[in-house]
>>> print(open('work39.tsv').read())   # TSV, C-alpha atoms
chain	number	residue	atom	x	y	z
A	1	LYS	CA	46.30	112.66	-0.34
A	2	LEU	CA	44.28	109.58	0.56
A	3	CYS	CA	41.64	110.37	-2.05
A	4	ASP	CA	44.32	111.09	-4.66
A	5	ASP	CA	45.94	107.67	-4.17
A	6	PRO	CA	45.05	105.49	-7.20
A	7	ASN	CA	45.50	102.33	-5.13
A	8	VAL	CA	42.76	103.34	-2.68
A	9	GLU	CA	39.36	102.01	-3.73
A	10	ALA	CA	37.29	102.94	-0.66
A	11	VAL	CA	37.44	105.40	2.22
A	12	TRP	CA	35.97	104.91	5.70
A	13	VAL	CA	34.99	108.36	7.01
A	14	SER	CA	35.46	108.36	10.77
A	15	SER	CA	36.39	112.00	11.20
A	16	PRO	CA	34.54	114.42	13.53
A	17	ASN	CA	30.87	114.69	12.64
A	18	ARG	CA	31.15	118.21	11.24
A	19	PHE	CA	33.52	116.87	8.54
A	20	HIS	CA	31.47	113.84	7.43
A	21	ALA	CA	29.84	115.59	4.48
A	22	GLU	CA	33.00	117.33	3.31
A	23	HIS	CA	35.11	114.18	3.49
A	24	ALA	CA	32.52	111.84	1.97
A	25	ILE	CA	31.94	114.21	-0.94
A	26	MET	CA	35.69	114.61	-1.46
A	27	ALA	CA	36.08	110.83	-1.61
A	28	ALA	CA	33.11	110.40	-3.97
A	29	ARG	CA	34.47	113.04	-6.36
A	30	ALA	CA	37.73	111.08	-6.43
A	31	GLY	CA	35.82	107.95	-7.43
A	32	LYS	CA	36.16	106.20	-4.07
A	33	HIS	CA	33.45	104.12	-2.45
A	34	VAL	CA	32.53	105.47	0.99
A	35	VAL	CA	31.49	104.18	4.37
A	36	VAL	CA	30.48	107.06	6.64
A	37	GLU	CA	30.15	106.71	10.40
A	38	LYS	CA	27.05	107.71	12.31
A	39	PRO	CA	25.59	110.27	12.36
A	40	MET	CA	25.79	110.46	8.59
A	41	ALA	CA	25.92	114.27	8.78
A	42	THR	CA	24.75	117.12	10.97
A	43	SER	CA	21.92	118.29	8.68
A	44	LEU	CA	19.62	116.94	5.99
A	45	GLU	CA	21.12	119.44	3.55
A	46	GLU	CA	24.57	117.92	4.07
A	47	ALA	CA	23.21	114.39	3.76
A	48	GLY	CA	21.47	115.32	0.52
A	49	ARG	CA	24.70	116.63	-0.96
A	50	MET	CA	26.48	113.41	0.02
A	51	VAL	CA	23.84	111.31	-1.72
A	52	GLU	CA	24.00	113.49	-4.84
A	53	ALA	CA	27.81	113.24	-4.98
A	54	ALA	CA	27.75	109.45	-4.71
A	55	GLU	CA	25.11	109.14	-7.39
A	56	LYS	CA	26.79	111.65	-9.71
A	57	HIS	CA	30.19	109.96	-9.49
A	58	LYS	CA	28.74	106.43	-9.53
A	59	VAL	CA	30.25	105.23	-6.26
A	60	ASN	CA	28.69	103.36	-3.37
A	61	LEU	CA	27.86	105.33	-0.22
A	62	LEU	CA	27.13	103.25	2.87
A	63	ALA	CA	25.83	104.69	6.16
A	64	GLY	CA	27.65	102.46	8.62
A	65	HIS	CA	28.56	101.68	12.21
A	66	THR	CA	25.22	101.08	13.90
A	67	ARG	CA	24.18	98.07	15.94
A	68	ALA	CA	21.54	97.26	13.33
A	69	PHE	CA	24.35	95.48	11.46
A	70	ILE	CA	24.99	92.85	14.14
A	71	ARG	CA	23.69	89.32	13.62
A	72	PRO	CA	21.22	89.08	16.53
A	73	ILE	CA	19.30	92.09	15.24
A	74	ARG	CA	19.36	90.80	11.68
A	75	VAL	CA	18.12	87.38	12.83
A	76	MET	CA	15.34	89.07	14.79
A	77	ARG	CA	14.30	90.77	11.55
A	78	LYS	CA	14.28	87.43	9.71
A	79	ILE	CA	12.12	85.87	12.42
A	80	ILE	CA	9.72	88.82	12.32
A	81	ASN	CA	9.45	88.74	8.53
A	82	SER	CA	8.91	84.97	8.46
A	83	GLY	CA	5.40	85.52	9.84
A	84	LYS	CA	5.72	82.44	12.01
A	85	PHE	CA	4.66	84.31	15.15
A	86	GLY	CA	2.16	86.63	13.53
A	87	GLN	CA	2.38	90.37	13.02
A	88	LEU	CA	4.93	92.68	14.60
A	89	ARG	CA	3.05	94.77	17.18
A	90	ALA	CA	5.60	96.86	19.11
A	91	LEU	CA	9.31	97.70	19.35
A	92	ASN	CA	11.12	98.99	22.43
A	93	ILE	CA	14.83	99.73	22.95
A	94	TRP	CA	16.27	101.12	26.18
A	95	SER	CA	19.88	101.94	27.01
A	96	TYR	CA	21.65	103.00	30.21
A	97	SER	CA	25.33	103.71	29.55
A	98	ASP	CA	28.36	105.66	30.79
A	99	TRP	CA	28.68	107.54	27.50
A	100	MET	CA	28.66	110.99	29.11
A	101	LEU	CA	31.61	110.13	31.33
A	102	ARG	CA	33.96	109.09	28.52
A	103	PRO	CA	36.66	111.58	27.45
A	104	ARG	CA	35.35	114.09	24.93
A	105	THR	CA	36.89	116.62	22.57
A	106	PRO	CA	35.39	120.14	22.33
A	107	ASP	CA	33.49	119.34	19.12
A	108	GLU	CA	31.84	116.35	20.83
A	109	LEU	CA	30.50	118.74	23.47
A	110	ASP	CA	28.92	121.06	20.90
A	111	VAL	CA	25.46	120.17	19.58
A	112	ASN	CA	26.05	122.43	16.57
A	113	GLN	CA	28.91	120.16	15.56
A	114	GLY	CA	26.95	116.94	16.04
A	115	GLY	CA	27.69	116.40	19.73
A	116	GLY	CA	25.40	114.82	22.30
A	117	ILE	CA	23.51	111.58	22.81
A	118	PRO	CA	20.78	112.16	20.17
A	119	TYR	CA	23.35	112.67	17.39
A	120	ARG	CA	25.99	110.23	18.58
A	121	GLN	CA	23.92	107.37	20.00
A	122	GLY	CA	20.48	107.89	18.50
A	123	PRO	CA	21.46	106.25	15.18
A	124	HIS	CA	22.12	102.90	16.91
A	125	GLN	CA	18.57	102.63	18.22
A	126	ILE	CA	16.86	104.40	15.32
A	127	ASP	CA	18.59	102.27	12.68
A	128	THR	CA	17.61	99.14	14.61
A	129	VAL	CA	13.99	100.19	15.05
A	130	ARG	CA	13.73	101.12	11.38
A	131	LEU	CA	15.32	97.84	10.25
A	132	LEU	CA	13.05	95.68	12.40
A	133	GLY	CA	9.95	97.70	11.51
A	134	GLY	CA	10.62	97.98	7.78
A	135	GLY	CA	12.01	101.50	7.62
A	136	MET	CA	8.98	103.73	7.08
A	137	LEU	CA	8.52	105.82	10.20
A	138	ARG	CA	5.72	108.38	10.15
A	139	SER	CA	6.36	110.66	13.14
A	140	VAL	CA	8.34	111.33	16.31
A	141	ARG	CA	7.43	112.83	19.68
A	142	ALA	CA	10.40	113.14	22.00
A	143	GLN	CA	12.08	114.84	24.93
A	144	THR	CA	15.77	115.28	25.67
A	145	GLY	CA	17.59	115.85	28.94
A	146	ASP	CA	20.63	118.01	29.77
A	147	TRP	CA	21.20	117.84	33.51
A	148	MET	CA	24.97	117.58	33.98
A	149	LYS	CA	26.49	121.04	34.21
A	150	GLU	CA	29.97	119.74	33.32
A	151	ARG	CA	28.57	118.66	29.92
A	152	THR	CA	26.71	121.19	27.77
A	153	ILE	CA	25.05	118.54	25.58
A	154	PRO	CA	21.96	116.34	25.91
A	155	GLY	CA	22.82	113.15	27.78
A	156	TYR	CA	19.35	111.69	27.62
A	157	TYR	CA	16.46	111.25	25.23
A	158	SER	CA	13.14	109.46	25.22
A	159	ALA	CA	11.13	109.15	22.03
A	160	PHE	CA	7.88	107.64	20.85
A	161	MET	CA	7.83	106.82	17.15
A	162	GLU	CA	5.00	105.64	14.96
A	163	PHE	CA	5.42	103.80	11.68
A	164	GLU	CA	3.16	104.48	8.71
A	165	SER	CA	1.51	101.14	9.48
A	166	GLY	CA	0.62	102.31	12.99
A	167	LEU	CA	3.34	100.17	14.61
A	168	PRO	CA	4.56	101.89	17.82
A	169	ALA	CA	8.19	102.06	18.94
A	170	THR	CA	10.01	103.63	21.87
A	171	ILE	CA	13.68	104.42	22.33
A	172	VAL	CA	15.43	105.65	25.48
A	173	HIS	CA	19.08	106.38	26.19
A	174	ASN	CA	20.41	107.63	29.52
A	175	GLY	CA	24.15	108.17	29.21
A	176	TYR	CA	24.88	109.60	32.66
A	177	GLY	CA	26.29	106.36	34.02
A	178	TYR	CA	24.69	105.97	37.42
A	179	PHE	CA	22.84	102.77	36.51
A	180	LEU	CA	24.12	100.63	33.65
A	181	GLY	CA	22.07	98.41	31.40
A	182	THR	CA	24.74	95.73	31.68
A	183	GLU	CA	23.14	94.80	35.02
A	184	LEU	CA	19.90	93.81	33.28
A	185	VAL	CA	21.24	90.39	32.27
A	186	PRO	CA	22.42	87.68	34.72
A	187	TRP	CA	25.84	87.41	33.06
A	188	GLY	CA	26.44	91.16	33.11
A	189	GLN	CA	28.19	93.34	35.67
A	190	ASP	CA	28.18	96.92	36.87
A	191	LYS	CA	30.68	98.00	34.25
A	192	GLN	CA	30.66	99.24	30.70
A	193	VAL	CA	33.76	101.28	29.94
A	194	TYR	CA	34.12	102.10	33.65
A	195	ASP	CA	33.12	100.34	36.86
A	196	ALA	CA	31.22	102.12	39.65
A	197	GLY	CA	34.35	103.31	41.45
A	198	GLN	CA	35.90	104.68	38.29
A	199	ARG	CA	32.69	106.48	37.38
A	200	ALA	CA	32.57	108.13	40.81
A	201	ALA	CA	36.21	109.23	40.51
A	202	ILE	CA	35.61	110.67	37.03
A	203	ARG	CA	32.63	112.69	38.23
A	204	ALA	CA	34.66	114.07	41.14
A	205	ALA	CA	37.53	115.06	38.82
A	206	MET	CA	35.14	116.72	36.37
A	207	ARG	CA	33.49	118.72	39.15
A	208	ALA	CA	36.89	119.76	40.53
A	209	GLY	CA	38.14	120.68	37.05
A	210	THR	CA	41.17	118.39	37.36
A	211	ARG	CA	40.37	115.87	34.61
A	212	ASP	CA	42.69	115.99	31.58
A	213	GLU	CA	40.23	114.79	28.95
A	214	ASN	CA	42.48	115.60	26.02
A	215	ALA	CA	45.23	113.31	27.33
A	216	GLU	CA	42.70	110.56	28.04
A	217	LYS	CA	41.24	110.88	24.56
A	218	GLN	CA	44.63	110.57	22.91
A	219	GLN	CA	45.46	107.49	24.97
A	220	ILE	CA	42.38	105.57	23.83
A	221	ARG	CA	42.57	106.50	20.15
A	222	ILE	CA	43.83	103.96	17.63
A	223	GLY	CA	47.54	103.73	18.28
A	224	GLY	CA	47.23	105.28	21.74
A	225	SER	CA	48.86	103.84	24.82
A	226	ARG	CA	45.53	102.56	26.21
A	227	GLU	CA	43.90	101.52	22.94
A	228	LYS	CA	44.08	97.80	23.73
A	229	ASP	CA	42.88	98.21	27.32
A	230	TYR	CA	39.99	100.42	26.29
A	231	PHE	CA	38.68	98.31	23.46
A	232	SER	CA	39.28	94.95	25.14
A	233	GLY	CA	37.30	96.35	28.06
A	234	VAL	CA	34.16	96.90	25.97
A	235	SER	CA	34.49	94.04	23.51
A	236	GLN	CA	33.44	90.58	24.55
A	237	ALA	CA	32.10	87.36	23.11
A	238	ALA	CA	28.92	87.44	25.18
A	239	TRP	CA	26.44	90.19	24.37
A	240	VAL	CA	25.45	92.62	27.13
A	241	PRO	CA	23.22	95.72	26.86
A	242	GLU	CA	25.89	98.17	25.71
A	243	ASP	CA	25.38	101.49	23.93
A	244	MET	CA	22.43	100.43	21.80
A	245	GLY	CA	20.79	98.79	24.77
A	246	PHE	CA	18.10	96.21	25.30
A	247	ALA	CA	15.77	95.55	22.33
A	248	ILE	CA	12.39	93.81	22.57
A	249	ALA	CA	10.17	93.04	19.58
A	250	SER	CA	6.61	92.02	20.41
A	251	LEU	CA	4.63	89.93	17.93
A	252	ASP	CA	1.17	88.35	18.10
A	253	ARG	CA	2.51	85.13	19.60
A	254	ALA	CA	6.07	85.87	20.72
A	255	ASP	CA	8.51	88.36	22.18
A	256	LEU	CA	12.07	88.51	20.82
A	257	ARG	CA	15.14	89.92	22.57
A	258	GLN	CA	18.90	89.51	22.56
A	259	SER	CA	20.44	86.59	24.46
A	260	LYS	CA	24.00	85.91	25.52
A	261	PHE	CA	24.97	84.50	22.12
A	262	GLY	CA	21.91	85.12	19.99
A	263	VAL	CA	18.19	85.70	20.40
A	264	TYR	CA	15.62	84.64	22.99
A	265	VAL	CA	12.24	83.64	21.57
A	266	HIS	CA	9.46	83.73	24.17
A	267	SER	CA	6.54	81.95	22.52
A	268	ASP	CA	3.78	79.42	23.17
A	269	LYS	CA	6.55	76.80	23.27
A	270	GLY	CA	8.17	78.53	26.21
A	271	LYS	CA	11.55	80.25	26.15
A	272	GLN	CA	14.03	79.26	23.45
A	273	ASP	CA	17.60	80.52	23.21
A	274	VAL	CA	18.50	80.61	19.52
A	275	GLU	CA	22.28	80.62	19.53
A	276	ILE	CA	23.68	82.34	16.47
A	277	GLU	CA	27.43	82.49	16.77
A	278	ARG	CA	29.95	82.82	19.53
A	279	GLY	CA	32.64	85.39	18.93
A	280	ASN	CA	33.01	88.86	17.49
A	281	GLU	CA	29.70	88.84	15.60
A	282	THR	CA	27.90	89.33	18.91
A	283	GLY	CA	30.63	91.47	20.43
A	284	VAL	CA	30.48	95.21	20.91
A	285	VAL	CA	33.35	96.28	18.66
A	286	GLN	CA	32.31	95.08	15.23
A	287	ARG	CA	32.64	96.58	11.74
A	288	ARG	CA	32.80	93.43	9.60
A	289	ALA	CA	29.20	93.56	8.34
A	290	GLU	CA	29.62	97.08	6.95
A	291	LEU	CA	32.80	96.09	5.15
A	292	GLU	CA	31.17	92.96	3.74
A	293	GLU	CA	28.19	94.95	2.46
A	294	LEU	CA	30.45	97.52	0.78
A	295	TYR	CA	32.68	94.80	-0.67
A	296	ASP	CA	29.71	92.89	-2.07
A	297	ALA	CA	28.45	96.09	-3.70
A	298	ALA	CA	31.76	97.31	-5.09
A	299	ILE	CA	33.19	93.97	-6.18
A	300	ASN	CA	30.20	91.69	-6.69
A	301	GLY	CA	27.67	94.23	-7.93
A	302	LYS	CA	25.17	93.66	-5.11
A	303	PRO	CA	23.05	96.49	-3.68
A	304	VAL	CA	24.15	98.72	-0.83
A	305	TRP	CA	21.22	98.17	1.51
A	306	HIS	CA	22.20	100.81	4.09
A	307	ASP	CA	22.84	103.43	1.42
A	308	GLY	CA	22.98	107.19	1.70
A	309	ARG	CA	19.21	107.57	1.55
A	310	TRP	CA	18.83	105.02	4.35
A	311	GLY	CA	21.34	106.98	6.45
A	312	MET	CA	19.56	110.22	5.61
A	313	ALA	CA	16.28	108.75	6.89
A	314	THR	CA	17.93	107.79	10.19
A	315	LEU	CA	19.47	111.26	10.48
A	316	GLU	CA	16.04	112.79	9.91
A	317	VAL	CA	14.76	110.96	12.99
A	318	CYS	CA	17.75	112.10	15.10
A	319	LEU	CA	17.02	115.68	14.13
A	320	ALA	CA	13.30	115.19	14.77
A	321	VAL	CA	14.03	113.97	18.31
A	322	MET	CA	15.81	117.23	19.07
A	323	GLN	CA	13.25	119.39	17.26
A	324	SER	CA	10.35	117.68	19.04
A	325	ALA	CA	12.00	118.24	22.41
A	326	LYS	CA	12.58	121.92	21.65
A	327	GLU	CA	9.12	122.61	20.24
A	328	ARG	CA	7.22	120.11	22.40
A	329	ARG	CA	5.22	118.67	19.54
A	330	GLU	CA	5.01	115.72	17.18
A	331	ILE	CA	7.31	115.96	14.15
A	332	MET	CA	6.18	114.44	10.86
A	333	LEU	CA	8.84	112.70	8.76
A	334	THR	CA	9.29	113.08	5.00
A	335	HIS	CA	12.62	111.41	4.10
A	336	GLN	CA	12.03	107.83	5.19
A	337	LYS	CA	13.09	104.82	3.14
A	338	ALA	CA	11.90	101.21	3.33
A	339	MET	CA	14.40	98.40	3.70
A	340	HIS	CA	14.29	96.21	0.61
A	341	PRO	CA	12.69	92.80	1.31
A	342	ASP	CA	15.70	91.03	-0.25
A	343	TYR	CA	18.06	92.36	2.41
A	344	ASP	CA	19.75	89.46	4.20
A	345	ALA	CA	18.18	86.92	1.85
A	346	GLU	CA	21.37	84.86	2.10
A	347	LEU	CA	21.63	85.10	5.90
A	348	GLU	CA	20.92	81.73	7.41
A	349	THR	CA	18.43	81.84	10.26
A	350	PRO	CA	18.64	79.06	12.85
A	351	VAL	CA	15.67	76.70	12.83
A	352	ILE	CA	13.16	77.64	15.54
>>> encode(input="work39.tsv", output="structure tokens")
Amino acid sequence: KLCDDPNVEAVWVSSPNRFHAEHAIMAARAGKHVVVEKPMATSLEEAGRMVEAAEKHKVNLLAGHTRAFIRPIRVMRKIINSGKFGQLRALNIWSYSDWMLRPRTPDELDVNQGGGIPYRQGPHQIDTVRLLGGGMLRSVRAQTGDWMKERTIPGYYSAFMEFESGLPATIVHNGYGYFLGTELVPWGQDKQVYDAGQRAAIRAAMRAGTRDENAEKQQIRIGGSREKDYFSGVSQAAWVPEDMGFAIASLDRADLRQSKFGVYVHSDKGKQDVEIERGNETGVVQRRAELEELYDAAINGKPVWHDGRWGMATLEVCLAVMQSAKERREIMLTHQKAMHPDYDAELETPVI
């Protein structure tokens, strides 16, 4: 019914992962522009069909909702590409979250339906690494971890990635919630969605089989009784290492990382805090950049930078992480896409 509505120009696909391809293709066939949440799909075959549908029906397909869209990461890219501090030499992103303790539906606990940390959280880090490094990854060697018997999905991954240029990158996400990355910054605290006491109580309830996850899930959905409490608990003006984690870009003469309201530049001049903007642009809950990119494409005729082929390249890496862990070998990549050099040409970068 949504796709049949002539007044609807675009559809944001935020359904369970197993439906992303079906729903995106349905919208494209109806002539609607599409933003699809991460992961774009659960297989490269599905992603390919989504790309083909968008191209055939001449609509924009945007692979959205990753932290690569937030301003600090985009400013880091501008600083890297300026060449002021020399060549980019290494990228590292590490995350410690309570993702595995949050209420989950059965499909979220099934890897075959796109469940687990590599599918659900991998795109945040992979999209960011690819954006900062130019997009063209060459290979992946990874391992995953599944060590919580109450959850039958991987709650951990560690991956080493190499770009075609030889640039190395590492990504790590531990979602078991014992230690949180929020403690890695002075203004953070031992809380993401839950504090330490709440995390302990949730583990105890899960082990005893007394947790009603379905009821919890319904409460925190849009329109649920705890929607405001849940989202206000994870959204804040000051950045902290949330689900994507802590990103460090190392150049010849500088290291870059996120700061409270922007980017730290550690260079020969010392440590500079480049403040970008206070407010939702550095907050956790943020979708504005995706909407702006789609709007600019659909209304103003500008390119979709994070298009279906970009999303397909990120999905390929997510799948390679899991394949590498299973087969214990390096996986070569064949569907990568470079980010166009004109991306963010209009984004103003603070003077350094």
>>> residues_around(input="work39.tsv", residues="segment 216-220 of chain A", least_positions_apart="5", cutoff="8 Å", atoms="only C-alpha atoms", output="list in words")
Pro103, Arg104, Thr105, Ser225, Arg226, Glu227, Lys228 and Tyr230 of chain A
>>> atom_distance(input="work39.tsv", atom1="atom CA of Gly197 of chain A", atom2="atom CA of Trp239 of chain A")
22.9 Å
>>> closest_atom_pairs(input="work39.tsv", of="segment 15-118 of chain A", to="segment 1-4 of chain A", cutoff="10 Å", atoms="all atoms listed in the file", output="tab-separated table")
residue	atom	partner	partner_atom	distance
A:His23	CA	A:Cys3	CA	9.4
A:Met26	CA	A:Cys3	CA	7.3
A:Ala27	CA	A:Cys3	CA	5.6
A:Ala28	CA	A:Cys3	CA	8.7
A:Arg29	CA	A:Cys3	CA	8.8
A:Ala30	CA	A:Cys3	CA	5.9
A:Gly31	CA	A:Cys3	CA	8.3
A:Lys32	CA	A:Cys3	CA	7.2
>>> write_last_selection(input="work39.tsv", atoms="C-alpha atoms", output="PDB file, in the frame of the given file")
ATOM      1  CA  HIS A  23      35.110 114.180   3.490  1.00  0.00           C
ATOM      2  CA  MET A  26      35.690 114.610  -1.460  1.00  0.00           C
ATOM      3  CA  ALA A  27      36.080 110.830  -1.610  1.00  0.00           C
ATOM      4  CA  ALA A  28      33.110 110.400  -3.970  1.00  0.00           C
ATOM      5  CA  ARG A  29      34.470 113.040  -6.360  1.00  0.00           C
ATOM      6  CA  ALA A  30      37.730 111.080  -6.430  1.00  0.00           C
ATOM      7  CA  GLY A  31      35.820 107.950  -7.430  1.00  0.00           C
ATOM      8  CA  LYS A  32      36.160 106.200  -4.070  1.00  0.00           C
TER       9      LYS A  32
END
>>> residues_around(input="work39.tsv", residues="segment 167-182 of chain A", least_positions_apart="5", cutoff="8 Å", atoms="all atoms listed in the file", output="mmCIF file with C-alpha atoms, in the frame of the given file")
data_model
loop_
_atom_site.group_PDB
_atom_site.id
_atom_site.type_symbol
_atom_site.label_atom_id
_atom_site.label_comp_id
_atom_site.auth_asym_id
_atom_site.auth_seq_id
_atom_site.Cartn_x
_atom_site.Cartn_y
_atom_site.Cartn_z
ATOM 1 C CA LEU A 88 4.930 92.680 14.600
ATOM 2 C CA ARG A 89 3.050 94.770 17.180
ATOM 3 C CA ALA A 90 5.600 96.860 19.110
ATOM 4 C CA LEU A 91 9.310 97.700 19.350
ATOM 5 C CA ASN A 92 11.120 98.990 22.430
ATOM 6 C CA ILE A 93 14.830 99.730 22.950
ATOM 7 C CA TRP A 94 16.270 101.120 26.180
ATOM 8 C CA SER A 95 19.880 101.940 27.010
ATOM 9 C CA TYR A 96 21.650 103.000 30.210
ATOM 10 C CA SER A 97 25.330 103.710 29.550
ATOM 11 C CA ASP A 98 28.360 105.660 30.790
ATOM 12 C CA TRP A 99 28.680 107.540 27.500
ATOM 13 C CA MET A 100 28.660 110.990 29.110
ATOM 14 C CA LEU A 101 31.610 110.130 31.330
ATOM 15 C CA ILE A 117 23.510 111.580 22.810
ATOM 16 C CA GLN A 121 23.920 107.370 20.000
ATOM 17 C CA GLY A 122 20.480 107.890 18.500
ATOM 18 C CA GLN A 125 18.570 102.630 18.220
ATOM 19 C CA ILE A 126 16.860 104.400 15.320
ATOM 20 C CA VAL A 129 13.990 100.190 15.050
ATOM 21 C CA GLY A 133 9.950 97.700 11.510
ATOM 22 C CA GLY A 155 22.820 113.150 27.780
ATOM 23 C CA TYR A 156 19.350 111.690 27.620
ATOM 24 C CA TYR A 157 16.460 111.250 25.230
ATOM 25 C CA SER A 158 13.140 109.460 25.220
ATOM 26 C CA ALA A 159 11.130 109.150 22.030
ATOM 27 C CA PHE A 160 7.880 107.640 20.850
ATOM 28 C CA MET A 161 7.830 106.820 17.150
ATOM 29 C CA GLU A 162 5.000 105.640 14.960
ATOM 30 C CA GLY A 188 26.440 91.160 33.110
ATOM 31 C CA GLN A 189 28.190 93.340 35.670
ATOM 32 C CA ASP A 190 28.180 96.920 36.870
ATOM 33 C CA LYS A 191 30.680 98.000 34.250
ATOM 34 C CA GLN A 192 30.660 99.240 30.700
ATOM 35 C CA ALA A 196 31.220 102.120 39.650
ATOM 36 C CA ARG A 199 32.690 106.480 37.380
ATOM 37 C CA VAL A 240 25.450 92.620 27.130
ATOM 38 C CA PRO A 241 23.220 95.720 26.860
ATOM 39 C CA GLU A 242 25.890 98.170 25.710
ATOM 40 C CA GLY A 245 20.790 98.790 24.770
ATOM 41 C CA PHE A 246 18.100 96.210 25.300
#
>>> residues_near_point(input="work39.tsv", point="(4.5, 82.3, 19.6)", cutoff="9 Å", atoms="all atoms listed in the file", output="list in words")
Lys84, Phe85, Gly86, Leu251, Asp252, Arg253, Ala254, Asp255, Val265, His266, Ser267, Asp268, Lys269 and Gly270 of chain A
>>> residues_near_point(input="work39.tsv", point="(21.6, 106.7, 3.6)", cutoff="12 Å", atoms="only C-alpha atoms", output="PyMOL selection string")
chain A and resi 34-41+44+46-52+54-55+60-64+123+127+135+304-316+335-339
>>> atom_distance(input="work39.tsv", atom1="atom CA of Thr334 of chain A", atom2="atom CA of Gly114 of chain A")
21.2 Å
>>> atom_distance(input="work39.tsv", atom1="atom CA of Gln113 of chain A", atom2="atom CA of Ala21 of chain A")
12.0 Å
>>> closest_residue(input="work39.tsv", among="A:Ala249, A:Ile299, A:Leu319, A:Ala325", to="Glu45 of chain A", atoms="all atoms listed in the file")
A:Leu319
>>> closest_atom_pairs(input="work39.tsv", of="segment 297-332 of chain A", to="segment 143-154 of chain A", cutoff="7 Å", atoms="only C-alpha atoms", output="CSV")
residue,atom,partner,partner_atom,distance
A:Val321,CA,A:Gln143,CA,7.0
A:Met322,CA,A:Thr144,CA,6.9
A:Ser324,CA,A:Gln143,CA,6.8
A:Ala325,CA,A:Gln143,CA,4.2
>>> write_last_selection(input="work39.tsv", atoms="C-alpha atoms", output="compact mmCIF listing (two decimals), keeping the file's coordinate frame")
# COMPACT_ATOMS: atom_id res chain seq x y z
CA VAL A 321 14.03 113.97 18.31
CA MET A 322 15.81 117.23 19.07
CA SER A 324 10.35 117.68 19.04
CA ALA A 325 12.00 118.24 22.41
>>> axis_aligned_box(input="work39.tsv", around="segment 295-305 of chain A", padding_each_side="5 Å", output="lines of an AutoDock Vina configuration file")
center_x = 27.2
center_y = 95.2
center_z = -3.2
size_x = 22.0
size_y = 17.0
size_z = 19.4
>>> closest_residue(input="work39.tsv", among="A:Arg71, A:His124, A:Arg211, A:Arg130", to="His340 of chain A", atoms="only C-alpha atoms")
A:Arg130
>>> residues_around(input="work39.tsv", residues="Met332 of chain A", least_positions_apart="5", cutoff="7 Å", atoms="all atoms listed in the file", output="list of chain:residue names")
A:Arg138, A:Ser139, A:Val140
>>> closest_residue(input="work39.tsv", among="A:Arg102, A:Lys78, A:Leu294, A:Met136", to="Gly166 of chain A", atoms="all atoms listed in the file")
A:Met136
>>> closest_residue(input="work39.tsv", among="A:Pro303, A:Pro350, A:Pro106, A:Pro72", to="Ser259 of chain A", atoms="only C-alpha atoms")
A:Pro72
